[in-house]
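Below is start.txt, which holds compact mmCIF, C-alpha atoms.
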# COMPACT_ATOMS: atom_id res chain seq x y z
CA MET N 40 0.00 0.00 0.00
CA GLY N 41 1.46 3.37 -1.00
CA HIS N 42 1.92 6.08 1.57
CA THR N 43 0.36 9.52 1.25
CA LEU N 44 1.33 12.82 2.80
CA ASP N 45 -1.59 12.61 5.23
CA THR N 46 -0.53 9.21 6.62
CA ILE N 47 3.19 9.96 7.07
CA ILE N 48 4.37 10.86 10.58
CA LEU N 49 8.09 11.46 11.04
CA THR N 50 10.18 11.82 14.15
CA GLU N 51 12.21 14.98 14.61
CA ARG N 52 15.37 13.08 13.64
CA GLN N 53 13.76 11.68 10.49
CA GLN N 54 12.61 15.17 9.54
CA PHE N 55 16.13 16.49 9.98
CA ILE N 56 17.64 13.70 7.88
CA LEU N 57 15.08 14.14 5.10
CA SER N 58 15.70 17.90 5.05
CA ALA N 59 19.48 17.38 5.04
CA VAL N 60 19.30 14.86 2.18
CA ILE N 61 17.19 17.20 0.06
CA ASP N 62 19.33 20.25 0.82
CA GLU N 63 22.50 18.39 -0.15
CA TYR N 64 20.93 16.88 -3.26
CA ILE N 65 19.79 20.35 -4.35
CA GLU N 66 23.38 21.56 -4.11
CA THR N 67 25.20 18.55 -5.63
CA ALA N 68 22.69 16.63 -7.78
CA GLN N 69 24.41 13.49 -6.41
CA PRO N 70 22.88 10.72 -4.28
CA VAL N 71 23.42 11.50 -0.59
CA SER N 72 25.07 8.95 1.72
CA SER N 73 24.59 8.42 5.45
CA SER N 74 28.23 9.35 6.11
CA SER N 75 27.68 12.66 4.31
CA ILE N 76 24.80 13.47 6.68
CA VAL N 77 26.92 12.61 9.74
CA GLU N 78 29.84 14.72 8.47
CA ARG N 79 27.61 17.79 8.54
CA GLY N 80 28.14 17.68 12.33
CA GLU N 81 24.58 18.76 13.11
CA LEU N 82 23.22 15.34 14.05
CA HIS N 83 24.56 13.28 16.95
CA ALA N 84 24.12 9.81 15.46
CA SER N 85 26.29 7.12 13.91
CA PRO N 86 26.31 6.37 10.17
CA ALA N 87 24.57 3.07 10.93
CA THR N 88 21.72 4.87 12.71
CA VAL N 89 21.39 7.34 9.85
CA ARG N 90 21.33 4.45 7.33
CA THR N 91 18.50 2.83 9.30
CA GLU N 92 16.52 6.08 9.30
CA MET N 93 17.16 6.63 5.58
CA ALA N 94 15.91 3.09 4.88
CA ARG N 95 12.73 3.94 6.81
CA LEU N 96 12.30 7.13 4.78
CA GLU N 97 12.69 5.01 1.67
CA GLU N 98 9.99 2.61 2.89
CA LEU N 99 7.68 5.61 3.32
CA GLY N 100 8.31 6.63 -0.28
CA LEU N 101 10.16 9.85 0.60
CA LEU N 102 13.60 8.77 -0.58
CA LEU N 103 14.83 6.54 -3.37
CA GLN N 104 18.07 4.57 -3.83
CA PRO N 105 18.82 4.86 -7.57
CA HIS N 106 21.07 1.77 -7.52
CA THR N 107 22.63 -0.62 -5.04
CA SER N 108 25.33 0.84 -2.76
CA ALA N 109 24.39 4.38 -3.86
CA GLY N 110 23.11 7.07 -1.54
CA ARG N 111 19.53 8.32 -1.60
CA ILE N 112 17.71 10.97 -3.60
CA PRO N 113 14.31 12.50 -2.87
CA THR N 114 11.11 11.32 -4.56
CA ASP N 115 8.25 13.60 -5.61
CA LEU N 116 6.56 12.73 -2.30
CA GLY N 117 9.78 13.58 -0.47
CA TYR N 118 9.90 17.00 -2.09
CA ARG N 119 6.24 17.50 -1.28
CA TYR N 120 6.80 16.68 2.41
CA TYR N 121 9.82 19.00 2.41
CA VAL N 122 7.88 21.90 0.93
CA ASN N 123 4.77 21.40 3.07
CA HIS N 124 6.34 20.60 6.43
CA LEU N 125 10.07 21.28 6.57
CA LEU N 126 10.68 24.44 4.58
CA THR N 127 8.83 26.62 7.09
CA ILE N 128 10.74 25.04 9.99
CA PHE N 129 14.16 25.76 8.57
CA ARG N 130 13.47 29.05 6.76
CA THR N 131 15.03 32.08 8.42
CA GLY N 132 12.09 34.32 7.62
CA LYS N 133 14.52 36.99 6.44
CA GLN N 134 13.89 38.26 2.95
CA PRO N 135 16.64 39.54 0.68
CA PRO N 136 16.52 43.25 -0.22
CA ILE N 137 14.99 42.70 -3.64
CA PHE N 138 12.90 45.35 -5.30
CA ALA N 139 10.74 45.40 -8.37
CA PRO N 140 12.13 47.36 -11.33
CA ARG N 141 11.02 50.93 -11.87
CA ASP N 142 9.00 49.55 -14.75
CA SER N 143 6.68 47.37 -12.67
CA GLY N 144 4.90 45.98 -15.72
CA VAL N 145 4.47 42.24 -16.02
CA ALA N 146 7.15 41.72 -18.69
CA ALA N 147 9.78 43.59 -16.65
CA THR N 148 8.83 41.72 -13.48
CA VAL N 149 9.14 38.33 -15.16
CA LYS N 150 12.52 39.26 -16.58
CA LEU N 151 13.70 40.35 -13.13
CA LEU N 152 12.59 37.08 -11.53
CA GLY N 153 14.43 35.05 -14.14
CA GLU N 154 17.62 37.02 -13.57
CA LEU N 155 17.42 36.80 -9.76
CA THR N 156 16.71 33.07 -9.53
CA ARG N 157 18.51 31.78 -12.65
CA TYR N 158 15.40 29.75 -13.39
CA THR N 159 12.58 30.26 -15.89
CA ALA N 160 10.00 32.84 -14.81
CA LEU N 161 6.36 32.82 -15.87
CA ALA N 162 3.40 35.14 -15.57
CA MET N 163 -0.17 35.12 -16.73
CA VAL N 164 -2.25 38.26 -16.95
CA PRO N 165 -6.01 38.12 -17.41
CA GLY N 166 -7.77 39.19 -20.58
CA TRP N 167 -9.47 42.55 -20.74
CA GLU N 168 -12.70 41.16 -19.27
CA ALA N 169 -11.13 41.17 -15.80
CA HIS N 170 -10.35 44.90 -15.86
CA ARG N 171 -12.40 48.03 -15.41
CA LEU N 172 -12.64 51.02 -17.66
CA GLN N 173 -10.89 54.13 -16.44
CA HIS N 174 -11.44 56.34 -19.47
CA VAL N 175 -12.66 56.15 -23.05
CA GLU N 176 -11.94 58.68 -25.79
CA LEU N 177 -12.99 58.83 -29.44
CA ALA N 178 -10.95 61.26 -31.53
CA PRO N 179 -10.97 62.10 -35.27
CA VAL N 180 -7.92 61.23 -37.37
CA GLY N 181 -7.73 62.68 -40.86
CA ARG N 182 -10.93 63.16 -42.86
CA ASP N 183 -12.70 59.84 -42.42
CA GLN N 184 -11.06 57.90 -39.60
CA LEU N 185 -11.72 57.69 -35.89
CA LEU N 186 -9.37 56.57 -33.13
CA VAL N 187 -10.92 54.79 -30.15
CA MET N 188 -8.78 54.67 -26.98
CA LEU N 189 -9.77 52.78 -23.85
CA VAL N 190 -7.67 53.09 -20.68
CA THR N 191 -8.08 50.37 -18.07
CA ASP N 192 -7.59 50.46 -14.30
CA ASN N 193 -4.13 48.86 -14.67
CA ARG N 194 -3.08 51.67 -17.07
CA GLN N 195 -3.32 49.46 -20.14
CA VAL N 196 -4.28 51.39 -23.27
CA MET N 197 -6.30 49.64 -25.95
CA HIS N 198 -6.98 51.36 -29.23
CA SER N 199 -8.28 50.85 -32.73
CA LEU N 200 -8.48 52.97 -35.85
CA SER N 201 -11.61 52.71 -37.97
CA THR N 202 -12.99 54.35 -41.08
CA VAL N 203 -16.33 56.09 -40.55
CA ALA N 204 -18.89 56.80 -43.23
CA GLU N 205 -20.08 59.95 -41.49
CA ARG N 206 -17.69 62.15 -39.52
CA PRO N 207 -19.26 63.60 -36.35
CA THR N 208 -19.07 67.25 -35.43
CA PRO N 209 -16.73 68.15 -32.54
CA ALA N 210 -19.74 68.98 -30.34
CA ARG N 211 -21.42 65.66 -31.12
CA LEU N 212 -18.20 63.74 -30.43
CA ARG N 213 -17.75 65.57 -27.14
CA GLN N 214 -21.29 64.63 -26.19
CA LEU N 215 -20.57 60.98 -26.91
CA ASN N 216 -17.27 60.90 -25.00
CA ASP N 217 -18.87 62.56 -21.96
CA LEU N 218 -21.76 60.10 -22.05
CA LEU N 219 -19.59 56.98 -22.38
CA ASN N 220 -17.33 58.01 -19.50
CA ARG N 221 -20.31 58.90 -17.35
CA GLU N 222 -22.02 55.57 -18.07
CA PHE N 223 -19.06 53.16 -18.05
CA ALA N 224 -16.06 54.58 -16.16
CA GLY N 225 -15.33 52.30 -13.21
CA ARG N 226 -17.36 49.43 -14.61
CA PRO N 227 -15.91 46.05 -15.71
CA LEU N 228 -15.01 46.01 -19.40
CA ALA N 229 -17.11 42.87 -19.75
CA GLU N 230 -20.17 45.12 -19.25
CA LEU N 231 -19.39 47.10 -22.40
CA THR N 232 -21.62 44.87 -24.49
CA ASP N 233 -23.19 45.87 -27.80
CA GLU N 234 -26.55 46.13 -26.08
CA ALA N 235 -25.28 48.27 -23.19
CA LEU N 236 -23.39 50.61 -25.52
CA ALA N 237 -26.38 50.98 -27.85
CA ALA N 238 -28.65 51.70 -24.87
CA ALA N 239 -26.25 54.38 -23.65
CA VAL N 240 -25.95 56.03 -27.06
CA ALA N 241 -29.74 56.10 -27.33
CA LYS N 242 -29.81 58.47 -24.33
CA LEU N 243 -28.20 61.22 -26.38
CA PRO N 244 -30.56 64.01 -27.46
CA HIS N 245 -31.72 64.24 -31.06
CA ALA N 246 -32.36 61.35 -33.40
CA PRO N 247 -29.38 58.99 -33.84
CA ASP N 248 -27.45 59.71 -36.99
CA GLY N 249 -25.29 57.30 -38.98
CA PHE N 250 -22.25 57.87 -36.80
CA MET N 251 -24.11 57.31 -33.53
CA ARG N 252 -25.50 54.04 -34.86
CA GLN N 253 -21.92 52.98 -35.66
CA ALA N 254 -20.44 54.15 -32.34
CA PRO N 255 -21.11 50.97 -30.26
CA GLU N 256 -19.37 48.86 -32.91
CA LEU N 257 -16.36 51.22 -32.91
CA VAL N 258 -15.95 50.97 -29.12
CA ARG N 259 -16.28 47.18 -29.16
CA ARG N 260 -13.66 47.02 -31.91
CA GLY N 261 -11.25 48.79 -29.56
CA LEU N 262 -11.82 46.07 -26.96
CA GLU N 263 -11.33 43.27 -29.44
CA GLN N 264 -7.73 44.32 -30.03
CA GLU N 265 -6.90 42.70 -26.69
CA GLY N 266 -8.35 39.27 -26.12
CA ALA N 267 -7.60 36.30 -23.92
CA ALA N 268 -5.24 35.90 -21.01
CA ARG N 269 -1.58 36.18 -21.94
CA VAL N 270 1.34 34.09 -20.66
CA TYR N 271 4.80 35.65 -20.40
CA VAL N 272 7.93 33.46 -20.26
CA GLU N 273 11.45 34.72 -19.51
CA GLY N 274 14.71 32.94 -18.76
CA THR N 275 14.32 29.82 -20.92
CA ALA N 276 18.07 30.03 -21.53
CA HIS N 277 18.54 29.09 -17.86
CA LEU N 278 17.13 25.65 -18.66
CA PHE N 279 20.37 24.85 -20.46
CA GLU N 280 22.28 25.55 -17.23
CA GLN N 281 20.39 22.79 -15.39
CA GLN N 282 21.92 19.33 -15.67
CA ASP N 283 18.49 17.88 -14.84
CA PHE N 284 17.43 18.80 -18.39
CA ALA N 285 20.70 17.81 -20.05
CA THR N 286 19.25 15.11 -22.31
CA MET N 287 17.64 16.28 -25.52
CA PRO N 288 14.37 14.29 -25.06
CA LYS N 289 13.80 15.91 -21.65
CA LEU N 290 14.67 19.38 -22.90
CA ARG N 291 12.51 18.98 -26.01
CA ALA N 292 9.52 17.84 -23.94
CA LEU N 293 9.98 20.76 -21.55
CA LEU N 294 10.22 23.33 -24.35
CA GLU N 295 7.07 21.86 -25.92
CA ALA N 296 5.24 22.32 -22.60
CA LEU N 297 6.45 25.93 -22.34
CA SER N 298 5.04 26.66 -25.80
CA GLU N 299 1.51 25.62 -24.79
CA GLU N 300 -0.15 28.51 -22.96
CA SER N 301 -3.12 26.34 -21.98
CA VAL N 302 -0.79 24.29 -19.77
CA PHE N 303 -0.07 27.28 -17.56
CA GLU N 304 -3.64 28.53 -17.68
CA GLU N 305 -4.58 25.17 -16.13
CA LEU N 306 -1.79 25.40 -13.57
CA PHE N 307 -2.45 29.01 -12.57
CA ALA N 308 -6.17 28.32 -12.26
CA ARG N 309 -5.22 26.58 -9.01
CA ALA N 310 -3.65 29.76 -7.61
CA ALA N 311 -5.22 30.86 -4.34
CA GLY N 312 -5.13 34.59 -3.74
CA GLY N 313 -1.83 35.68 -2.25
CA GLN N 314 -0.72 32.18 -1.22
CA MET N 315 2.55 30.60 -2.31
CA GLN N 316 1.96 27.22 -3.97
CA VAL N 317 4.19 24.53 -5.45
CA SER N 318 3.47 21.98 -8.17
CA ILE N 319 6.00 19.13 -8.24
CA GLY N 320 6.76 16.48 -10.85
CA ALA N 321 3.71 14.43 -11.76
CA GLU N 322 1.46 17.09 -10.18
CA ASN N 323 2.23 19.34 -13.15
CA PRO N 324 -0.38 19.48 -15.95
CA HIS N 325 1.92 18.28 -18.77
CA PRO N 326 4.20 15.23 -19.10
CA GLY N 327 7.01 17.49 -20.31
CA LEU N 328 7.05 19.05 -16.82
CA GLU N 329 7.48 15.80 -14.88
CA ASP N 330 11.06 16.69 -13.92
CA CYS N 331 10.10 20.22 -12.87
CA ALA N 332 8.86 22.09 -9.86
CA ILE N 333 6.88 25.31 -10.23
CA VAL N 334 6.45 27.78 -7.39
CA PHE N 335 3.64 30.23 -8.10
CA THR N 336 1.44 32.86 -6.52
CA SER N 337 -0.94 35.65 -7.48
CA TYR N 338 -0.64 39.40 -7.01
CA ALA N 339 -2.77 42.45 -7.72
CA ILE N 340 -2.08 44.32 -10.94
CA SER N 341 -4.99 46.69 -10.34
CA PRO N 342 -7.59 47.16 -7.61
CA HIS N 343 -9.85 44.74 -9.50
CA ALA N 344 -7.59 42.25 -11.27
CA THR N 345 -4.83 39.80 -10.41
CA ALA N 346 -1.99 38.19 -12.32
CA GLN N 347 -0.10 35.00 -11.55
CA LEU N 348 3.68 34.74 -11.22
CA GLY N 349 5.69 31.54 -11.19
CA ILE N 350 9.24 30.19 -11.14
CA LEU N 351 9.95 26.96 -13.04
CA GLY N 352 13.03 24.90 -12.37
CA PRO N 353 14.13 21.33 -11.69
CA LYS N 354 12.54 19.43 -8.81
CA ARG N 355 15.75 20.05 -6.88
CA MET N 356 15.38 23.81 -7.24
CA LYS N 357 16.56 26.06 -4.42
CA TYR N 358 13.14 26.34 -2.81
CA ARG N 359 14.17 28.69 0.00
CA GLN N 360 15.74 31.16 -2.42
CA VAL N 361 12.78 30.96 -4.81
CA PHE N 362 10.20 31.43 -2.04
CA ASP N 363 12.04 34.41 -0.56
CA THR N 364 12.64 36.03 -3.94
CA LEU N 365 9.06 35.63 -5.09
CA ASP N 366 7.81 36.91 -1.71
CA ALA N 367 9.99 40.00 -1.89
CA VAL N 368 9.10 40.90 -5.47
CA VAL N 369 5.34 40.39 -5.00
CA GLN N 370 5.27 42.39 -1.76
CA ASN N 371 7.08 45.24 -3.47
CA LEU N 372 4.61 45.17 -6.36
CA ASP N 373 1.71 45.23 -3.89
CA ARG N 374 3.22 48.26 -2.17
CA ARG N 375 3.59 49.99 -5.53
CA LEU N 376 -0.10 49.44 -6.21
CA THR N 377 -1.05 51.00 -2.87
CA GLY N 378 1.46 53.84 -3.28
CA GLU N 379 3.67 52.81 -0.34
CA VAL N 380 6.94 52.57 -2.27
CA GLU N 381 9.10 55.66 -2.58
CA GLU N 382 10.60 56.21 -6.01

Please rewrite the model in this file as C-alpha cells.
Amino acid sequence: MGHTLDTIILTERQQFILSAVIDEYIETAQPVSSSSIVERGELHASPATVRTEMARLEELGLLLQPHTSAGRIPTDLGYRYYVNHLLTIFRTGKQPPIFAPRDSGVAATVKLLGELTRYTALAMVPGWEAHRLQHVELAPVGRDQLLVMLVTDNRQVMHSLSTVAERPTPARLRQLNDLLNREFAGRPLAELTDEALAAAVAKLPHAPDGFMRQAPELVRRGLEQEGAARVYVEGTAHLFEQQDFATMPKLRALLEALSEESVFEELFARAAGGQMQVSIGAENPHPGLEDCAIVFTSYAISPHATAQLGILGPKRMKYRQVFDTLDAVVQNLDRRLTGEVEE
C-alpha cells in the first residue's frame, strides 16, 4: 500500500535527515550517503543509525536509492513533504533586499525574476474582461477615420483605428465621450456589451445619426484588439544551465510544454489569492514538466484584477531562495499598487 502525505508521521530526527538529504541533493545533484549526513556535524548519530533512518524514509516513499550501494535521492513525495512541512521550519524568515524594477509591468517583473533566480520565470495576466474602464476617448484622425482609446484600471491602453462613413461634429463627439465616460467609467469592461453601448448612445438628445449608430461597434472594436489571457515566459536560456534537463528528449519535452499557454492557464487556475503554492513532478499538468517544480502565486495588478507569477526549475530547485525572492518581489509590487513605495 502506497503512503500519502496525510498518513506519514516522522520523528524529529527523520525530519532532519530528510531535510538534510534534500538540501544536499539540491546543491550537488548526487545521491546523498549516510556518512555525508553525519559529516555535517549537526546530528549526533552514527552512520549506521542514519542508514536505518534513511531506509525507513525510503519505505515511506520519501527517498529513493537509484542503484545498489548508492546514496539516496528524494522522490516527488519527499519534495512535497519537504515543501509542506520542513521548509517553514528551517526558513530564516529573512527576505533579501529585492525590489521590483522601476517599470513594474508584467514583462519587466518576469525578466527580473528570471535574472534573480537563474530559473525560468512565468506570468499570466487576465484578458481585458477582468479589468475596469478608467477612461474612453474617441478622436478624429484625418478626414474619415476615428481613433478609439480605452484606458483600463491597470493603465493598459487599448486602441483601434476605424474608417467612418459619417464624420461627427466636434460637439457631437464631445457629447458621446462625456456620455460613455459617465455611463461606463469604473465598470468592468465585460459590461461594455453591444446592447449596453447601444442603450447608452440612445440616451443622447436628437435622433441617432449614422455615426451614432456605428459608435457601439467602434468601441467594441477597440476592446477586441486585446483578447484572452496572456502568458509571459522569460529565462528559458537558464534551462540549459540545469543538468536535470541535459538530455535532448527531456529538454525537447519541456520546451514543448512551455510553448503551450493552456498548460499554464490550467496550472495558474489553481492559484489561491496571495498564497505561495508549489506543483511538483507528476502534479504538473503536462508530461514534459514531470522533472520540474513550479512555485507560483498571485498578485494584484490593479484594484480589480490579479496576475499570476511563477518560477519553473528542476525538482531540486533552491526552494528557499525561490520562495524568498518571489515573496519580496510580490510584496514590493503590492506596495507599488497601494502607493507605499518611494521612487

Which one of N:Lys150, N:Arg79, N:Arg119, N:His325 sits closest to Leu297 of chain N if you count all atoms listed in the file?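 Checking each of N:Lys150, N:Arg79, N:Arg119, N:His325 against Leu297 of chain N, counting all atoms listed in the file, the winner is N:His325.
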
So how far away is atom CA of Ser72 of chain N from atom CA of Ala285 of chain N, in Å?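 Value for the atom CA of Ala285 of chain N-atom CA of Ser72 of chain N distance: 23.9 Å.
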
Between atom CA of Ser337 of chain N and atom CA of Glu300 of chain N, what is the spacing in Å?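 Taking atom CA of Glu300 of chain N and atom CA of Ser337 of chain N, their separation equals 17.1 Å.
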
Among listed residues N:Ser318, N:Thr191, N:Gln282, N:Thr46, nearest Arg226 of chain N (using only C-alpha atoms):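 Smallest distance to Arg226 of chain N is found for N:Thr191.
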
At a cut-off of 8 Å, can you tabulate as CSV every residue of segment 319-361 of chain N near segment 310-313 of chain N together with its closest atom pair and the distance in Å to one decimal, using only C-alpha atoms and ordering rows by chain then number?
residue,atom,partner,partner_atom,distance
N:Phe335,CA,N:Ala310,CA,7.3
N:Thr336,CA,N:Ala310,CA,6.1
N:Ser337,CA,N:Gly313,CA,5.3
N:Tyr338,CA,N:Gly313,CA,6.2
N:Gln347,CA,N:Ala310,CA,7.5

For atom CA of Val122 of chain N and atom CA of Gln316 of chain N, the interatomic separation in Å (one decimal):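 Answer for the atom CA of Val122 of chain N to atom CA of Gln316 of chain N separation: 9.3 Å.
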
Give as number ranges by chain each residue that has an atom at most 8 Å from (-16.6, 59.8, -28.7) in the file, counting only C-alpha atoms. N: 175-178, 187, 211-217, 219, 254

C-alpha atoms of the current selection, written as a JSON list (two decimals), in the coordinates of the input:
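And here's out15.json as it stands now:
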[["chain", "number", "residue", "atom", "x", "y", "z"],
["N", 175, "VAL", "CA", -12.66, 56.15, -23.05],
["N", 176, "GLU", "CA", -11.94, 58.68, -25.79],
["N", 177, "LEU", "CA", -12.99, 58.83, -29.44],
["N", 178, "ALA", "CA", -10.95, 61.26, -31.53],
["N", 187, "VAL", "CA", -10.92, 54.79, -30.15],
["N", 211, "ARG", "CA", -21.42, 65.66, -31.12],
["N", 212, "LEU", "CA", -18.20, 63.74, -30.43],
["N", 213, "ARG", "CA", -17.75, 65.57, -27.14],
["N", 214, "GLN", "CA", -21.29, 64.63, -26.19],
["N", 215, "LEU", "CA", -20.57, 60.98, -26.91],
["N", 216, "ASN", "CA", -17.27, 60.90, -25.00],
["N", 217, "ASP", "CA", -18.87, 62.56, -21.96],
["N", 219, "LEU", "CA", -19.59, 56.98, -22.38],
["N", 254, "ALA", "CA", -20.44, 54.15, -32.34]]

Would you compute the box with edges along x, y and z of the file around segment 81-95 of chain N, including every atom the file lists for it and 6 Å extra on each side, and give its centre and edge lengths in Å to one decimal, as JSON?
{"center_x": 19.5, "center_y": 10.8, "center_z": 10.9, "size_x": 25.6, "size_y": 27.9, "size_z": 24.1}

From N:Glu273, N:Glu305, N:Glu78, N:Glu322, residue lying nearest Leu351 of chain N [all atoms listed in the file]: N:Glu273

Counting all atoms listed in the file, the residue of N:Thr286, N:Gln184, N:Thr208, N:Gln173 that sits nearest Arg221 of chain N: N:Gln173

I'd like the neighbourhood of Phe223 of chain N as a ChimeraX atom specification, where a residue qualifies if any of its atoms comes within 10 Å (using all atoms listed in the file), though same-chain residues fewer than 3 positions away should be ignored. /N:171-175,218-220,226-228,230-231,235-236,239

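Nearest residue to Arg359 of chain N, choosing from N:Leu126, N:Val334, N:Val196, N:Ala204 and counting all atoms listed in the file: N:Leu126.
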
Missing atoms in segment 271-294 of chain N should be modelled up to N, CA and C atoms and reported as a PDB file, in the coordinates of the input.
ATOM      1  N   TYR N 271       3.456  35.148 -20.146  1.00  0.00           N
ATOM      2  CA  TYR N 271       4.800  35.650 -20.400  1.00  0.00           C
ATOM      3  C   TYR N 271       5.811  34.620 -19.900  1.00  0.00           C
ATOM      4  N   VAL N 272       6.867  34.397 -20.653  1.00  0.00           N
ATOM      5  CA  VAL N 272       7.930  33.460 -20.260  1.00  0.00           C
ATOM      6  C   VAL N 272       9.278  34.148 -20.457  1.00  0.00           C
ATOM      7  N   GLU N 273      10.106  34.145 -19.425  1.00  0.00           N
ATOM      8  CA  GLU N 273      11.450  34.720 -19.510  1.00  0.00           C
ATOM      9  C   GLU N 273      12.449  33.753 -18.864  1.00  0.00           C
ATOM     10  N   GLY N 274      13.652  33.733 -19.379  1.00  0.00           N
ATOM     11  CA  GLY N 274      14.710  32.940 -18.760  1.00  0.00           C
ATOM     12  C   GLY N 274      14.761  31.496 -19.230  1.00  0.00           C
ATOM     13  N   THR N 275      14.228  31.206 -20.430  1.00  0.00           N
ATOM     14  CA  THR N 275      14.320  29.820 -20.920  1.00  0.00           C
ATOM     15  C   THR N 275      15.771  29.397 -21.132  1.00  0.00           C
ATOM     16  N   ALA N 276      16.657  30.368 -21.358  1.00  0.00           N
ATOM     17  CA  ALA N 276      18.070  30.030 -21.530  1.00  0.00           C
ATOM     18  C   ALA N 276      18.645  29.384 -20.268  1.00  0.00           C
ATOM     19  N   HIS N 277      18.047  29.671 -19.107  1.00  0.00           N
ATOM     20  CA  HIS N 277      18.540  29.090 -17.860  1.00  0.00           C
ATOM     21  C   HIS N 277      18.294  27.580 -17.810  1.00  0.00           C
ATOM     22  N   LEU N 278      17.380  27.089 -18.626  1.00  0.00           N
ATOM     23  CA  LEU N 278      17.130  25.650 -18.660  1.00  0.00           C
ATOM     24  C   LEU N 278      18.387  24.894 -19.084  1.00  0.00           C
ATOM     25  N   PHE N 279      19.160  25.510 -19.954  1.00  0.00           N
ATOM     26  CA  PHE N 279      20.370  24.850 -20.460  1.00  0.00           C
ATOM     27  C   PHE N 279      21.466  24.793 -19.390  1.00  0.00           C
ATOM     28  N   GLU N 280      21.298  25.562 -18.314  1.00  0.00           N
ATOM     29  CA  GLU N 280      22.280  25.550 -17.230  1.00  0.00           C
ATOM     30  C   GLU N 280      21.992  24.428 -16.233  1.00  0.00           C
ATOM     31  N   GLN N 281      20.808  23.807 -16.345  1.00  0.00           N
ATOM     32  CA  GLN N 281      20.390  22.790 -15.390  1.00  0.00           C
ATOM     33  C   GLN N 281      20.715  21.398 -15.923  1.00  0.00           C
ATOM     34  N   GLN N 282      21.561  20.652 -15.197  1.00  0.00           N
ATOM     35  CA  GLN N 282      21.920  19.330 -15.670  1.00  0.00           C
ATOM     36  C   GLN N 282      20.736  18.362 -15.631  1.00  0.00           C
ATOM     37  N   ASP N 283      19.688  18.710 -14.888  1.00  0.00           N
ATOM     38  CA  ASP N 283      18.490  17.880 -14.840  1.00  0.00           C
ATOM     39  C   ASP N 283      17.812  17.792 -16.203  1.00  0.00           C
ATOM     40  N   PHE N 284      18.047  18.775 -17.057  1.00  0.00           N
ATOM     41  CA  PHE N 284      17.430  18.800 -18.390  1.00  0.00           C
ATOM     42  C   PHE N 284      18.487  18.610 -19.474  1.00  0.00           C
ATOM     43  N   ALA N 285      19.561  17.913 -19.132  1.00  0.00           N
ATOM     44  CA  ALA N 285      20.700  17.810 -20.050  1.00  0.00           C
ATOM     45  C   ALA N 285      20.414  16.950 -21.272  1.00  0.00           C
ATOM     46  N   THR N 286      19.519  15.973 -21.156  1.00  0.00           N
ATOM     47  CA  THR N 286      19.250  15.110 -22.310  1.00  0.00           C
ATOM     48  C   THR N 286      18.271  15.799 -23.252  1.00  0.00           C
ATOM     49  N   MET N 287      18.479  15.614 -24.529  1.00  0.00           N
ATOM     50  CA  MET N 287      17.640  16.280 -25.520  1.00  0.00           C
ATOM     51  C   MET N 287      16.167  15.896 -25.412  1.00  0.00           C
ATOM     52  N   PRO N 288      15.803  14.611 -25.181  1.00  0.00           N
ATOM     53  CA  PRO N 288      14.370  14.290 -25.060  1.00  0.00           C
ATOM     54  C   PRO N 288      13.700  15.071 -23.926  1.00  0.00           C
ATOM     55  N   LYS N 289      14.382  15.175 -22.770  1.00  0.00           N
ATOM     56  CA  LYS N 289      13.800  15.910 -21.650  1.00  0.00           C
ATOM     57  C   LYS N 289      13.660  17.391 -21.980  1.00  0.00           C
ATOM     58  N   LEU N 290      14.693  17.957 -22.576  1.00  0.00           N
ATOM     59  CA  LEU N 290      14.670  19.380 -22.900  1.00  0.00           C
ATOM     60  C   LEU N 290      13.613  19.666 -23.963  1.00  0.00           C
ATOM     61  N   ARG N 291      13.509  18.788 -24.959  1.00  0.00           N
ATOM     62  CA  ARG N 291      12.510  18.980 -26.010  1.00  0.00           C
ATOM     63  C   ARG N 291      11.098  18.935 -25.429  1.00  0.00           C
ATOM     64  N   ALA N 292      10.851  17.961 -24.556  1.00  0.00           N
ATOM     65  CA  ALA N 292       9.520  17.840 -23.940  1.00  0.00           C
ATOM     66  C   ALA N 292       9.189  19.058 -23.095  1.00  0.00           C
ATOM     67  N   LEU N 293      10.192  19.578 -22.385  1.00  0.00           N
ATOM     68  CA  LEU N 293       9.980  20.760 -21.550  1.00  0.00           C
ATOM     69  C   LEU N 293       9.694  21.987 -22.401  1.00  0.00           C
ATOM     70  N   LEU N 294      10.444  22.171 -23.477  1.00  0.00           N
ATOM     71  CA  LEU N 294      10.220  23.330 -24.350  1.00  0.00           C
ATOM     72  C   LEU N 294       8.853  23.245 -25.025  1.00  0.00           C
TER      73      LEU N 294
END
